[in-house]
Amino acid sequence: MQIDQSNCAKCGICVDACPNGLIIRQGFKIIIKGGCTNCKKCLGVCPMDVIFE
């Protein structure tokens, strides 16, 4: 999974949605750490639709 940083609103909804805690705030970005299981729970919650495979 990846995040389009240029259009991300940095709202953090995806951070809360990740059941494995692999989406985190890092500085002024939200990143997906290694080990993502592709459960896709972040896809359905992103209001900006900037998370993709």
# chains A, B, ... in the order shown; residues from 1 in each chain; ligands from 1
call {"tool": "residues_around", "arguments": {"residues": "Ile3 in chain A", "least_positions_apart": "5", "cutoff": "8 Å", "atoms": "only C-alpha atoms", "output": "NGL selection string"}}
result
:A and (8 or 30-32 or 50-52)
call {"tool": "write_last_selection", "arguments": {"atoms": "N, CA and C atoms", "output": "PDB file, in the first residue's frame"}}
result
ATOM      1  N   CYS A   8      -2.511  14.036   0.243  1.00  0.00           N
ATOM      2  CA  CYS A   8      -2.935  13.577   1.568  1.00  0.00           C
ATOM      3  C   CYS A   8      -3.234  14.780   2.463  1.00  0.00           C
ATOM      4  N   ILE A  30       2.246  11.080   6.697  1.00  0.00           N
ATOM      5  CA  ILE A  30       1.713   9.826   7.201  1.00  0.00           C
ATOM      6  C   ILE A  30       2.303   8.750   6.307  1.00  0.00           C
ATOM      7  N   ILE A  31       2.940   7.774   6.918  1.00  0.00           N
ATOM      8  CA  ILE A  31       3.613   6.742   6.127  1.00  0.00           C
ATOM      9  C   ILE A  31       3.100   5.349   6.506  1.00  0.00           C
ATOM     10  N   ILE A  32       3.273   4.425   5.584  1.00  0.00           N
ATOM     11  CA  ILE A  32       2.952   3.027   5.823  1.00  0.00           C
ATOM     12  C   ILE A  32       4.276   2.290   6.001  1.00  0.00           C
ATOM     13  N   VAL A  50      -6.466   8.737  -1.293  1.00  0.00           N
ATOM     14  CA  VAL A  50      -5.066   8.835  -1.729  1.00  0.00           C
ATOM     15  C   VAL A  50      -4.230   7.601  -1.377  1.00  0.00           C
ATOM     16  N   ILE A  51      -4.862   6.569  -0.855  1.00  0.00           N
ATOM     17  CA  ILE A  51      -4.158   5.328  -0.548  1.00  0.00           C
ATOM     18  C   ILE A  51      -4.430   4.353  -1.681  1.00  0.00           C
ATOM     19  N   PHE A  52      -3.363   3.746  -2.170  1.00  0.00           N
ATOM     20  CA  PHE A  52      -3.519   2.841  -3.311  1.00  0.00           C
ATOM     21  C   PHE A  52      -2.526   1.680  -3.191  1.00  0.00           C
TER      22      PHE A  52
END
call {"tool": "select_by_dssp", "arguments": {"residues": "range 2-53 of chain A", "states": "alpha helix (DSSP H)", "output": "ChimeraX atom specification"}}
result
/A:13-17
call {"tool": "write_last_selection", "arguments": {"atoms": "all heavy atoms", "output": "short mmCIF file (atom, residue, chain, number, x, y, z; two decimals), in the first residue's frame"}}
result
data_model
loop_
_atom_site.label_atom_id
_atom_site.label_comp_id
_atom_site.auth_asym_id
_atom_site.auth_seq_id
_atom_site.Cartn_x
_atom_site.Cartn_y
_atom_site.Cartn_z
N ILE A 13 -7.00 9.52 9.86
CA ILE A 13 -8.06 8.51 9.94
C ILE A 13 -7.48 7.13 9.62
O ILE A 13 -7.82 6.14 10.26
CB ILE A 13 -9.24 8.87 9.03
CG1 ILE A 13 -9.93 10.13 9.54
CG2 ILE A 13 -10.23 7.71 8.93
CD1 ILE A 13 -11.01 10.67 8.61
N CYS A 14 -6.59 7.07 8.64
CA CYS A 14 -5.98 5.79 8.27
C CYS A 14 -5.08 5.26 9.38
O CYS A 14 -4.97 4.05 9.56
CB CYS A 14 -5.20 5.93 6.96
SG CYS A 14 -3.88 7.16 7.01
N VAL A 15 -4.47 6.15 10.13
CA VAL A 15 -3.61 5.74 11.25
C VAL A 15 -4.46 4.96 12.26
O VAL A 15 -4.06 3.89 12.73
CB VAL A 15 -2.96 6.97 11.94
CG1 VAL A 15 -2.20 6.56 13.19
CG2 VAL A 15 -2.05 7.70 10.96
N ASP A 16 -5.64 5.48 12.56
CA ASP A 16 -6.52 4.82 13.51
C ASP A 16 -7.12 3.53 12.94
O ASP A 16 -7.45 2.62 13.69
CB ASP A 16 -7.66 5.76 13.91
CG ASP A 16 -7.15 6.99 14.67
OD1 ASP A 16 -6.09 6.88 15.33
OD2 ASP A 16 -7.79 8.04 14.59
N ALA A 17 -7.27 3.46 11.62
CA ALA A 17 -7.91 2.30 10.99
C ALA A 17 -6.99 1.10 10.85
O ALA A 17 -7.47 -0.03 10.74
CB ALA A 17 -8.43 2.69 9.61
#
call {"tool": "atom_distance", "arguments": {"atom1": "CA of Gln2 in chain A", "atom2": "CA of Leu43 in chain A"}}
result
10.2 Å
call {"tool": "closest_residue", "arguments": {"among": "A:Gly35, A:Met48, A:Gly27, A:Leu22", "to": "Ala9 in chain A", "atoms": "only C-alpha atoms"}}
result
A:Met48
call {"tool": "atom_distance", "arguments": {"atom1": "CA of Asp49 in chain A", "atom2": "CA of Ile23 in chain A"}}
result
15.3 Å
call {"tool": "closest_residue", "arguments": {"among": "A:Asp4, A:Pro47, A:Lys41, A:Glu53", "to": "Cys18 in chain A", "atoms": "only C-alpha atoms"}}
result
A:Lys41
call {"tool": "closest_residue", "arguments": {"among": "A:Gly44, A:Gly21, A:Lys29, A:Asn38", "to": "Ser6 in chain A", "atoms": "only C-alpha atoms"}}
result
A:Lys29
call {"tool": "select_by_dssp", "arguments": {"residues": "chain A", "states": "strand (DSSP E)", "output": "PyMOL selection string"}}
result
chain A and resi 2-3+23-26+29-32+51-52
call {"tool": "write_last_selection", "arguments": {"atoms": "C-alpha atoms", "output": "CSV table (one decimal), in the first residue's frame"}}
result
chain,number,residue,atom,x,y,z
A,2,GLN,CA,1.2,3.5,-0.7
A,3,ILE,CA,0.0,7.1,0.1
A,23,ILE,CA,0.4,3.5,9.4
A,24,ILE,CA,2.1,6.3,11.4
A,25,ARG,CA,2.7,10.0,11.5
A,26,GLN,CA,6.3,10.8,10.8
A,29,LYS,CA,3.8,12.9,6.6
A,30,ILE,CA,1.7,9.8,7.2
A,31,ILE,CA,3.6,6.7,6.1
A,32,ILE,CA,3.0,3.0,5.8
A,51,ILE,CA,-4.2,5.3,-0.5
A,52,PHE,CA,-3.5,2.8,-3.3
call {"tool": "decode", "arguments": {"residues": "range 5-18 of chain A", "atoms": "all heavy atoms", "output": "PDB file, in the first residue's frame"}}
result
ATOM      1  N   GLN A   5       1.363  11.379  -1.162  1.00  0.00           N
ATOM      2  CA  GLN A   5       1.674  12.426  -0.189  1.00  0.00           C
ATOM      3  C   GLN A   5       1.252  13.822  -0.649  1.00  0.00           C
ATOM      4  O   GLN A   5       0.898  14.661   0.170  1.00  0.00           O
ATOM      5  CB  GLN A   5       3.173  12.420   0.132  1.00  0.00           C
ATOM      6  CG  GLN A   5       3.640  11.162   0.828  1.00  0.00           C
ATOM      7  CD  GLN A   5       3.058  10.991   2.226  1.00  0.00           C
ATOM      8  OE1 GLN A   5       2.733  11.948   2.922  1.00  0.00           O
ATOM      9  NE2 GLN A   5       2.925   9.752   2.630  1.00  0.00           N
ATOM     10  N   SER A   6       1.274  14.063  -1.948  1.00  0.00           N
ATOM     11  CA  SER A   6       0.948  15.406  -2.446  1.00  0.00           C
ATOM     12  C   SER A   6      -0.525  15.765  -2.260  1.00  0.00           C
ATOM     13  O   SER A   6      -0.877  16.942  -2.214  1.00  0.00           O
ATOM     14  CB  SER A   6       1.339  15.545  -3.916  1.00  0.00           C
ATOM     15  OG  SER A   6       0.606  14.640  -4.720  1.00  0.00           O
ATOM     16  N   ASN A   7      -1.392  14.760  -2.114  1.00  0.00           N
ATOM     17  CA  ASN A   7      -2.818  15.033  -1.947  1.00  0.00           C
ATOM     18  C   ASN A   7      -3.369  14.598  -0.597  1.00  0.00           C
ATOM     19  O   ASN A   7      -4.549  14.766  -0.325  1.00  0.00           O
ATOM     20  CB  ASN A   7      -3.609  14.358  -3.069  1.00  0.00           C
ATOM     21  CG  ASN A   7      -3.331  15.000  -4.404  1.00  0.00           C
ATOM     22  OD1 ASN A   7      -3.398  16.208  -4.536  1.00  0.00           O
ATOM     23  ND2 ASN A   7      -2.987  14.199  -5.388  1.00  0.00           N
ATOM     24  N   CYS A   8      -2.511  14.036   0.243  1.00  0.00           N
ATOM     25  CA  CYS A   8      -2.935  13.577   1.568  1.00  0.00           C
ATOM     26  C   CYS A   8      -3.234  14.780   2.463  1.00  0.00           C
ATOM     27  O   CYS A   8      -2.440  15.716   2.544  1.00  0.00           O
ATOM     28  CB  CYS A   8      -1.831  12.716   2.180  1.00  0.00           C
ATOM     29  SG  CYS A   8      -2.178  12.136   3.847  1.00  0.00           S
ATOM     30  N   ALA A   9      -4.377  14.723   3.155  1.00  0.00           N
ATOM     31  CA  ALA A   9      -4.769  15.802   4.066  1.00  0.00           C
ATOM     32  C   ALA A   9      -4.148  15.629   5.455  1.00  0.00           C
ATOM     33  O   ALA A   9      -4.289  16.502   6.306  1.00  0.00           O
ATOM     34  CB  ALA A   9      -6.287  15.860   4.186  1.00  0.00           C
ATOM     35  N   LYS A  10      -3.462  14.527   5.672  1.00  0.00           N
ATOM     36  CA  LYS A  10      -2.830  14.221   6.959  1.00  0.00           C
ATOM     37  C   LYS A  10      -3.817  14.220   8.116  1.00  0.00           C
ATOM     38  O   LYS A  10      -3.509  14.616   9.229  1.00  0.00           O
ATOM     39  CB  LYS A  10      -1.663  15.171   7.268  1.00  0.00           C
ATOM     40  CG  LYS A  10      -0.443  14.870   6.435  1.00  0.00           C
ATOM     41  CD  LYS A  10      -0.251  15.959   5.443  1.00  0.00           C
ATOM     42  CE  LYS A  10       0.956  15.674   4.556  1.00  0.00           C
ATOM     43  NZ  LYS A  10       0.621  15.747   3.161  1.00  0.00           N
ATOM     44  N   CYS A  11      -5.049  13.765   7.848  1.00  0.00           N
ATOM     45  CA  CYS A  11      -6.103  13.761   8.867  1.00  0.00           C
ATOM     46  C   CYS A  11      -5.887  12.679   9.921  1.00  0.00           C
ATOM     47  O   CYS A  11      -6.361  12.796  11.041  1.00  0.00           O
ATOM     48  CB  CYS A  11      -7.470  13.593   8.217  1.00  0.00           C
ATOM     49  SG  CYS A  11      -7.711  12.015   7.364  1.00  0.00           S
ATOM     50  N   GLY A  12      -5.189  11.590   9.542  1.00  0.00           N
ATOM     51  CA  GLY A  12      -4.884  10.528  10.498  1.00  0.00           C
ATOM     52  C   GLY A  12      -5.950   9.467  10.640  1.00  0.00           C
ATOM     53  O   GLY A  12      -5.814   8.564  11.465  1.00  0.00           O
ATOM     54  N   ILE A  13      -7.000   9.524   9.859  1.00  0.00           N
ATOM     55  CA  ILE A  13      -8.057   8.510   9.944  1.00  0.00           C
ATOM     56  C   ILE A  13      -7.481   7.132   9.616  1.00  0.00           C
ATOM     57  O   ILE A  13      -7.816   6.141  10.259  1.00  0.00           O
ATOM     58  CB  ILE A  13      -9.237   8.869   9.031  1.00  0.00           C
ATOM     59  CG1 ILE A  13      -9.929  10.128   9.538  1.00  0.00           C
ATOM     60  CG2 ILE A  13     -10.228   7.709   8.931  1.00  0.00           C
ATOM     61  CD1 ILE A  13     -11.014  10.666   8.614  1.00  0.00           C
ATOM     62  N   CYS A  14      -6.593   7.071   8.641  1.00  0.00           N
ATOM     63  CA  CYS A  14      -5.976   5.794   8.268  1.00  0.00           C
ATOM     64  C   CYS A  14      -5.085   5.259   9.384  1.00  0.00           C
ATOM     65  O   CYS A  14      -4.965   4.046   9.557  1.00  0.00           O
ATOM     66  CB  CYS A  14      -5.202   5.930   6.963  1.00  0.00           C
ATOM     67  SG  CYS A  14      -3.880   7.156   7.013  1.00  0.00           S
ATOM     68  N   VAL A  15      -4.467   6.147  10.132  1.00  0.00           N
ATOM     69  CA  VAL A  15      -3.614   5.742  11.252  1.00  0.00           C
ATOM     70  C   VAL A  15      -4.457   4.956  12.259  1.00  0.00           C
ATOM     71  O   VAL A  15      -4.064   3.886  12.728  1.00  0.00           O
ATOM     72  CB  VAL A  15      -2.961   6.967  11.936  1.00  0.00           C
ATOM     73  CG1 VAL A  15      -2.204   6.563  13.188  1.00  0.00           C
ATOM     74  CG2 VAL A  15      -2.052   7.699  10.965  1.00  0.00           C
ATOM     75  N   ASP A  16      -5.639   5.478  12.559  1.00  0.00           N
ATOM     76  CA  ASP A  16      -6.524   4.821  13.508  1.00  0.00           C
ATOM     77  C   ASP A  16      -7.124   3.535  12.940  1.00  0.00           C
ATOM     78  O   ASP A  16      -7.454   2.623  13.694  1.00  0.00           O
ATOM     79  CB  ASP A  16      -7.658   5.764  13.914  1.00  0.00           C
ATOM     80  CG  ASP A  16      -7.147   6.988  14.672  1.00  0.00           C
ATOM     81  OD1 ASP A  16      -6.094   6.881  15.331  1.00  0.00           O
ATOM     82  OD2 ASP A  16      -7.795   8.044  14.591  1.00  0.00           O
ATOM     83  N   ALA A  17      -7.273   3.456  11.620  1.00  0.00           N
ATOM     84  CA  ALA A  17      -7.914   2.302  10.987  1.00  0.00           C
ATOM     85  C   ALA A  17      -6.993   1.098  10.854  1.00  0.00           C
ATOM     86  O   ALA A  17      -7.470  -0.034  10.744  1.00  0.00           O
ATOM     87  CB  ALA A  17      -8.433   2.687   9.611  1.00  0.00           C
ATOM     88  N   CYS A  18      -5.690   1.303  10.872  1.00  0.00           N
ATOM     89  CA  CYS A  18      -4.754   0.193  10.661  1.00  0.00           C
ATOM     90  C   CYS A  18      -4.723  -0.720  11.891  1.00  0.00           C
ATOM     91  O   CYS A  18      -4.280  -0.295  12.963  1.00  0.00           O
ATOM     92  CB  CYS A  18      -3.348   0.716  10.367  1.00  0.00           C
ATOM     93  SG  CYS A  18      -2.160  -0.619  10.056  1.00  0.00           S
TER      94      CYS A  18
END
